[in-house]
$ cat data-v4.cif   # mmCIF, C-alpha atoms and all ligand atoms
data_entry
loop_
_atom_site.label_atom_id
_atom_site.label_comp_id
_atom_site.auth_asym_id
_atom_site.auth_seq_id
_atom_site.Cartn_x
_atom_site.Cartn_y
_atom_site.Cartn_z
CA MET X 1 12.81 -0.58 -21.47
CA SER X 2 9.96 -3.04 -21.09
CA ILE X 3 7.92 -3.56 -17.92
CA ALA X 4 9.70 -6.90 -17.48
CA ASP X 5 13.13 -5.20 -17.73
CA ASN X 6 12.04 -2.57 -15.21
CA ILE X 7 10.92 -5.28 -12.78
CA VAL X 8 14.32 -6.99 -13.05
CA GLN X 9 16.02 -3.68 -12.23
CA VAL X 10 13.72 -2.92 -9.31
CA ARG X 11 14.20 -6.42 -7.86
CA GLN X 12 17.94 -6.01 -8.15
CA ALA X 13 17.83 -2.67 -6.33
CA ILE X 14 15.64 -4.23 -3.62
CA GLY X 15 18.20 -7.02 -3.27
CA GLU X 16 21.04 -4.52 -2.89
CA ALA X 17 19.14 -2.50 -0.27
CA CYS X 18 18.37 -5.71 1.65
CA LEU X 19 22.05 -6.65 1.56
CA ARG X 20 23.04 -3.23 2.97
CA ALA X 21 20.45 -3.60 5.72
CA SER X 22 21.27 -7.26 6.44
CA ARG X 23 17.69 -8.21 5.67
CA SER X 24 16.23 -11.05 3.61
CA GLU X 25 14.66 -10.18 0.27
CA HIS X 26 11.82 -12.51 1.23
CA ASP X 27 10.80 -10.05 3.91
CA VAL X 28 10.14 -7.23 1.44
CA ALA X 29 7.10 -7.59 -0.81
CA LEU X 30 7.12 -5.81 -4.15
CA MET X 31 3.79 -4.16 -4.92
CA ALA X 32 3.34 -2.93 -8.49
CA VAL X 33 1.29 0.27 -8.35
CA SER X 34 -0.73 0.10 -11.55
CA LYS X 35 -3.03 3.13 -11.12
CA THR X 36 -3.70 4.96 -14.42
CA HIS X 37 -2.19 2.06 -16.41
CA PRO X 38 -4.34 -0.25 -18.54
CA ALA X 39 -5.17 -3.89 -17.83
CA ALA X 40 -2.58 -4.96 -20.42
CA ALA X 41 0.18 -3.39 -18.30
CA LEU X 42 -0.89 -5.43 -15.25
CA GLN X 43 -0.87 -8.57 -17.35
CA GLU X 44 2.64 -7.81 -18.55
CA ALA X 45 3.80 -7.32 -14.98
CA TYR X 46 2.07 -10.56 -13.93
CA ALA X 47 3.89 -12.44 -16.70
CA ALA X 48 7.13 -11.02 -15.27
CA GLY X 49 6.33 -12.44 -11.83
CA ILE X 50 4.36 -9.70 -10.06
CA ARG X 51 1.57 -11.03 -7.81
CA LEU X 52 0.68 -7.95 -5.77
CA PHE X 53 -0.91 -4.89 -7.36
CA GLY X 54 -1.81 -1.53 -5.84
CA GLU X 55 -4.59 0.71 -7.15
CA ASN X 56 -5.73 3.98 -5.61
CA LYS X 57 -9.28 4.41 -6.91
CA VAL X 58 -12.19 2.01 -6.51
CA GLN X 59 -13.94 3.10 -9.69
CA GLU X 60 -10.85 2.93 -11.84
CA PHE X 61 -10.09 -0.60 -10.65
CA GLN X 62 -13.70 -1.70 -11.04
CA GLN X 63 -13.52 -0.75 -14.72
CA LYS X 64 -10.07 -2.32 -15.15
CA SER X 65 -11.05 -5.56 -13.45
CA THR X 66 -13.65 -6.23 -16.12
CA GLU X 67 -10.86 -6.11 -18.73
CA LEU X 68 -8.32 -8.16 -16.80
CA ALA X 69 -7.60 -11.74 -17.81
CA VAL X 70 -7.75 -14.20 -14.92
CA MET X 71 -4.37 -14.10 -13.20
CA PRO X 72 -4.20 -16.94 -10.65
CA GLY X 73 -2.61 -15.89 -7.37
CA ALA X 74 -2.75 -12.17 -8.13
CA ARG X 75 -3.77 -9.98 -5.20
CA TYR X 76 -5.06 -6.44 -5.32
CA ALA X 77 -4.70 -3.79 -2.64
CA LEU X 78 -6.43 -0.43 -2.42
CA ILE X 79 -3.75 2.12 -1.49
CA GLY X 80 -5.79 5.33 -1.85
CA HIS X 81 -8.27 7.07 0.44
CA LEU X 82 -11.59 5.25 0.64
CA GLN X 83 -14.92 7.02 0.96
CA SER X 84 -17.59 5.37 3.07
CA ASN X 85 -20.05 5.08 0.18
CA LYS X 86 -17.49 3.03 -1.81
CA ALA X 87 -16.60 0.64 1.00
CA ALA X 88 -18.90 -2.15 -0.19
CA LYS X 89 -17.50 -2.09 -3.72
CA ALA X 90 -13.94 -1.91 -2.36
CA ALA X 91 -14.50 -4.92 -0.09
CA GLU X 92 -15.81 -6.86 -3.06
CA LEU X 93 -12.99 -5.97 -5.49
CA PHE X 94 -9.89 -5.91 -3.31
CA HIS X 95 -8.11 -8.48 -1.13
CA ALA X 96 -6.54 -5.81 1.00
CA ILE X 97 -7.25 -2.22 2.02
CA HIS X 98 -3.95 -0.49 2.75
CA ALA X 99 -5.16 3.03 3.48
CA VAL X 100 -7.65 2.71 6.34
CA ASP X 101 -7.55 6.18 7.85
CA SER X 102 -10.35 6.30 10.42
CA LEU X 103 -12.20 4.08 12.86
CA LYS X 104 -15.37 4.93 10.96
CA ILE X 105 -14.08 3.48 7.69
CA ALA X 106 -12.73 0.42 9.55
CA GLU X 107 -16.19 -0.19 11.02
CA ARG X 108 -17.82 0.29 7.63
CA LEU X 109 -15.39 -2.17 5.99
CA ASN X 110 -16.02 -4.70 8.74
CA ALA X 111 -19.77 -4.45 8.19
CA VAL X 112 -19.58 -4.92 4.42
CA ALA X 113 -16.96 -7.71 4.62
CA LEU X 114 -19.21 -9.51 7.09
CA LYS X 115 -22.00 -9.48 4.51
CA LEU X 116 -19.63 -10.81 1.85
CA GLY X 117 -18.28 -13.49 4.19
CA LYS X 118 -14.82 -12.21 3.46
CA THR X 119 -11.74 -11.33 5.50
CA LEU X 120 -9.86 -8.19 4.46
CA SER X 121 -6.22 -7.65 5.09
CA VAL X 122 -5.82 -4.09 6.40
CA LEU X 123 -3.08 -1.53 6.90
CA ILE X 124 -3.71 1.71 8.76
CA GLU X 125 -2.47 4.80 6.92
CA VAL X 126 -0.63 7.14 9.25
CA LYS X 127 -0.09 10.80 8.48
CA LEU X 128 3.27 11.82 9.89
CA SER X 129 3.59 15.24 8.26
CA SER X 130 1.41 18.32 8.48
CA GLU X 131 0.78 18.52 4.71
CA GLU X 132 -2.82 19.56 4.07
CA SER X 133 -3.14 17.35 1.01
CA LYS X 134 -2.36 14.04 2.69
CA HIS X 135 -4.80 11.50 4.03
CA GLY X 136 -4.05 9.32 6.98
CA ILE X 137 -4.73 9.14 10.67
CA ALA X 138 -2.70 10.99 13.33
CA PRO X 139 -0.14 8.73 15.03
CA GLY X 140 -1.94 9.18 18.35
CA ALA X 141 -5.24 7.93 16.91
CA VAL X 142 -4.04 4.52 15.66
CA SER X 143 -4.49 3.03 19.10
CA GLU X 144 -8.23 3.69 18.95
CA ILE X 145 -8.57 1.39 15.94
CA LEU X 146 -6.45 -1.31 17.61
CA HIS X 147 -8.64 -1.07 20.71
CA ALA X 148 -11.65 -1.72 18.49
CA ALA X 149 -9.95 -4.61 16.64
CA ALA X 150 -11.78 -7.27 18.64
CA SER X 151 -15.10 -5.91 17.38
CA LEU X 152 -13.85 -5.87 13.76
CA PRO X 153 -13.58 -9.64 13.21
CA THR X 154 -13.41 -9.50 9.40
CA LEU X 155 -10.43 -7.14 9.40
CA ASP X 156 -6.99 -8.67 9.66
CA ILE X 157 -5.06 -5.59 10.78
CA ARG X 158 -1.54 -6.31 9.56
CA GLY X 159 0.34 -3.07 10.00
CA LEU X 160 0.91 0.55 9.09
CA MET X 161 1.39 2.47 5.87
CA THR X 162 2.66 5.97 5.21
CA VAL X 163 3.42 8.40 2.39
CA PRO X 164 6.04 10.98 3.41
CA PRO X 165 6.01 14.48 1.90
CA PHE X 166 7.55 14.38 -1.57
CA SER X 167 11.19 15.31 -1.86
CA ASP X 168 13.70 14.62 -4.63
CA ASP X 169 16.15 13.60 -1.94
CA PRO X 170 15.19 10.16 -0.54
CA GLU X 171 17.18 10.89 2.63
CA GLU X 172 14.49 13.43 3.55
CA ALA X 173 11.98 10.59 3.76
CA ARG X 174 14.14 8.57 6.16
CA PRO X 175 12.94 10.27 9.39
CA TYR X 176 9.31 9.52 8.41
CA PHE X 177 10.06 5.86 7.71
CA ARG X 178 11.90 5.60 11.01
CA GLN X 179 9.01 7.27 12.82
CA LEU X 180 6.53 4.75 11.36
CA ARG X 181 8.68 1.84 12.53
CA GLU X 182 9.03 3.34 16.01
CA LEU X 183 5.28 3.97 16.19
CA ARG X 184 4.67 0.33 15.26
CA ASN X 185 7.13 -0.83 17.91
CA SER X 186 5.49 1.21 20.64
CA LEU X 187 1.97 0.15 19.61
CA ALA X 188 3.04 -3.49 19.62
CA THR X 189 3.88 -3.28 23.31
CA VAL X 190 0.48 -1.73 24.13
CA HIS X 191 -1.52 -4.05 21.85
CA PRO X 192 0.33 -7.38 21.88
CA GLN X 193 -2.74 -9.13 20.41
CA THR X 194 -2.37 -7.01 17.23
CA PRO X 195 1.38 -7.07 16.54
CA LEU X 196 1.43 -5.13 13.21
CA PRO X 197 4.22 -7.00 11.37
CA GLU X 198 3.77 -5.06 8.12
CA LEU X 199 5.22 -1.64 7.31
CA SER X 200 4.22 -0.42 3.85
CA MET X 201 6.63 2.37 2.99
CA GLY X 202 8.80 3.37 0.07
CA MET X 203 7.96 4.34 -3.52
CA SER X 204 9.96 4.48 -6.77
CA HIS X 205 12.41 7.15 -5.68
CA ASP X 206 12.91 6.26 -2.02
CA PHE X 207 12.30 2.52 -1.60
CA ALA X 208 15.95 1.74 -0.86
CA VAL X 209 15.90 4.06 2.16
CA ALA X 210 12.54 2.60 3.24
CA ILE X 211 14.00 -0.92 3.15
CA GLU X 212 16.92 0.22 5.30
CA GLU X 213 14.35 1.52 7.79
CA GLY X 214 12.36 -1.72 7.93
CA SER X 215 9.82 -1.61 5.10
CA THR X 216 8.08 -4.93 4.44
CA CYS X 217 6.25 -3.72 1.32
CA VAL X 218 7.49 -1.24 -1.25
CA ARG X 219 4.88 0.36 -3.53
CA ILE X 220 6.44 0.91 -6.94
CA GLY X 221 4.62 2.60 -9.81
CA THR X 222 6.82 4.77 -12.02
CA ALA X 223 9.93 2.58 -11.86
CA ILE X 224 7.89 -0.37 -13.21
CA PHE X 225 5.28 1.15 -15.53
CA GLY X 226 6.86 4.50 -16.46
CA THR X 227 5.44 7.96 -15.84
CA ARG X 228 1.69 8.31 -15.39
CA ASP X 229 -0.44 10.30 -17.78
CA TYR X 230 -3.37 11.57 -15.73
CA THR X 231 -4.78 13.66 -18.59
CA ALA X 232 -5.38 10.63 -20.83
CA GLN X 233 -7.49 9.00 -18.20
CA GLY X 234 -11.09 10.12 -18.20
CA ARG X 235 -12.31 7.54 -15.72
CA ALA X 236 -10.07 8.59 -12.82
C1 LIG X 301 1.02 6.31 -6.80
C2 LIG X 301 1.39 5.75 -5.48
C3 LIG X 301 2.60 5.02 -5.32
C4 LIG X 301 3.59 4.79 -6.43
O1 LIG X 301 4.37 5.94 -6.65
P1 LIG X 301 5.64 5.92 -7.65
O2 LIG X 301 6.39 7.13 -7.24
O3 LIG X 301 5.10 6.00 -9.04
O4 LIG X 301 6.38 4.66 -7.41
C5 LIG X 301 2.85 4.49 -4.07
N1 LIG X 301 2.00 4.65 -3.03
C6 LIG X 301 0.85 5.34 -3.14
C7 LIG X 301 -0.04 5.48 -1.96
C8 LIG X 301 0.51 5.91 -4.37
O5 LIG X 301 -0.63 6.60 -4.46
#
$ encode --input "data-v4.cif" --output "structure tokens"
Amino acid sequence: MSIADNIVQVRQAIGEACLRASRSEHDVALMAVSKTHPAAALQEAYAAGIRLFGENKVQEFQQKSTELAVMPGARYALIGHLQSNKAAKAAELFHAIHAVDSLKIAERLNAVALKLGKTLSVLIEVKLSSEESKHGIAPGAVSEILHAAASLPTLDIRGLMTVPPFSDDPEEARPYFRQLRELRNSLATVHPQTPLPELSMGMSHDFAVAIEEGSTCVRIGTAIFGTRDYTAQGRA
């Protein structure tokens, strides 16, 4: 199946999940996660209607962006952990940073975006499980960033993002998705000036469940581009 065929299938499945949840398809953005895939794959997805791309490494996307044809209206989000020393490059390359996981990195991004005269759309990555390998901020620490929001004028803090522990059974992710939505709801009452409308949750194998739990952005890699070959990719 081609990338375009895969996108048709994914959109159809999103539509069905929205129907089950009595939600509008317009309220669920489809992000194509293009990490490890070449520029040509992004261009194919763009031709099939994709306008939002997710990449997880600054360096990989920097390289790729030099090979990409101009794609009017395309937007790029960083969805992987960002190190402080790459914040300036990230602010330059990306429209959105969807994995802000500390106040320190938020302050760093604000400083570099200020220099660039740019506003960055931001999601805060929340770590809801105790897995050692996962990045993200503890649920109780999100408030600290929202408190600082007024002193981070270049950051448009739009919402929360999470990656639940991997399980073959998408139902096992449901409690994490629900927890992210409930966290957002409780934060919204404490910080009404930063309402957090966006919930980025759901990947190839569990996006339908995420949509049922209120996702506004599903991050789909494998179901669009096929399996990733990390070994073939020296620049990762
Ligand atoms: C790779 C990645 C995805 C996409 O995962 P698939 O299972 O291939 O759809 C989504 N979100 C994040 C943060 C990722 O790193």
$ closest_residue --input "data-v4.cif" --among "X:Lys118, X:Arg75, X:Lys134, X:Lys86" --to "Asp101 in chain X" --atoms "only C-alpha atoms"
X:Lys134
$ axis_aligned_box --input "data-v4.cif" --around "ligand LIG 301 (chain X)" --padding-each-side "8 Å" --output "JSON"
{"center_x": 2.9, "center_y": 5.8, "center_z": -5.5, "size_x": 23.0, "size_y": 18.6, "size_z": 23.1}
$ atom_distance --input "data-v4.cif" --atom1 "CA of Arg174 in chain X" --atom2 "CA of Asp5 in chain X"
27.6 Å
$ closest_atom_pairs --input "data-v4.cif" --of "chain X" --to "ligand LIG 301 (chain X)" --cutoff "9 Å" --atoms "only C-alpha atoms and all ligand atoms" --output "CSV"
residue,atom,partner,partner_atom,distance
X:Met31,CA,X:LIG301,C5,8.7
X:Ala32,CA,X:LIG301,C4,8.0
X:Val33,CA,X:LIG301,C4,5.4
X:Ser34,CA,X:LIG301,C1,8.0
X:Lys35,CA,X:LIG301,C1,6.7
X:Gly54,CA,X:LIG301,N1,7.8
X:Glu55,CA,X:LIG301,O5,7.6
X:Asn56,CA,X:LIG301,O5,5.8
X:Leu78,CA,X:LIG301,C7,8.7
X:Ile79,CA,X:LIG301,C7,5.0
X:Gly80,CA,X:LIG301,C7,5.8
X:His81,CA,X:LIG301,C7,8.7
X:His98,CA,X:LIG301,C7,8.6
X:Ala99,CA,X:LIG301,C7,7.9
X:Met161,CA,X:LIG301,C7,8.5
X:Thr162,CA,X:LIG301,C7,7.7
X:Val163,CA,X:LIG301,C7,6.3
X:Ser200,CA,X:LIG301,N1,8.8
X:Met201,CA,X:LIG301,N1,7.9
X:Gly202,CA,X:LIG301,C5,7.3
X:Met203,CA,X:LIG301,O4,4.2
X:Ser204,CA,X:LIG301,O4,3.6
X:His205,CA,X:LIG301,O2,6.2
X:Asp206,CA,X:LIG301,O2,8.4
X:Phe207,CA,X:LIG301,O4,8.6
X:Val218,CA,X:LIG301,C5,7.9
X:Arg219,CA,X:LIG301,C5,4.6
X:Ile220,CA,X:LIG301,O4,3.8
X:Gly221,CA,X:LIG301,O3,3.5
X:Thr222,CA,X:LIG301,O3,3.7
X:Ala223,CA,X:LIG301,O4,6.1
X:Ile224,CA,X:LIG301,O4,7.8
X:Phe225,CA,X:LIG301,O3,8.1
X:Gly226,CA,X:LIG301,O3,7.8
X:Thr227,CA,X:LIG301,O3,7.1
X:Arg228,CA,X:LIG301,O3,7.6
$ closest_residue --input "data-v4.cif" --among "X:Glu132, X:Asp229, X:Ala141, X:Ile50" --to "Val8 in chain X" --atoms "only C-alpha atoms"
X:Ile50
$ atom_distance --input "data-v4.cif" --atom1 "CA of Glu198 in chain X" --atom2 "CA of Glu125 in chain X"
11.7 Å
$ residues_around --input "data-v4.cif" --residues "range 121-124 of chain X" --least-positions-apart "3" --cutoff "7 Å" --atoms "all atoms listed in the file" --output "PDB file with C-alpha atoms, keeping the file's coordinate frame"
ATOM      1  CA  HIS X  95      -8.110  -8.480  -1.130  1.00  0.00           C
ATOM      2  CA  ALA X  96      -6.540  -5.810   1.000  1.00  0.00           C
ATOM      3  CA  ILE X  97      -7.250  -2.220   2.020  1.00  0.00           C
ATOM      4  CA  HIS X  98      -3.950  -0.490   2.750  1.00  0.00           C
ATOM      5  CA  ALA X  99      -5.160   3.030   3.480  1.00  0.00           C
ATOM      6  CA  VAL X 100      -7.650   2.710   6.340  1.00  0.00           C
ATOM      7  CA  ASP X 101      -7.550   6.180   7.850  1.00  0.00           C
ATOM      8  CA  LEU X 155     -10.430  -7.140   9.400  1.00  0.00           C
ATOM      9  CA  ASP X 156      -6.990  -8.670   9.660  1.00  0.00           C
ATOM     10  CA  ILE X 157      -5.060  -5.590  10.780  1.00  0.00           C
ATOM     11  CA  ARG X 158      -1.540  -6.310   9.560  1.00  0.00           C
ATOM     12  CA  GLY X 159       0.340  -3.070  10.000  1.00  0.00           C
ATOM     13  CA  LEU X 160       0.910   0.550   9.090  1.00  0.00           C
ATOM     14  CA  MET X 161       1.390   2.470   5.870  1.00  0.00           C
TER      15      MET X 161
END
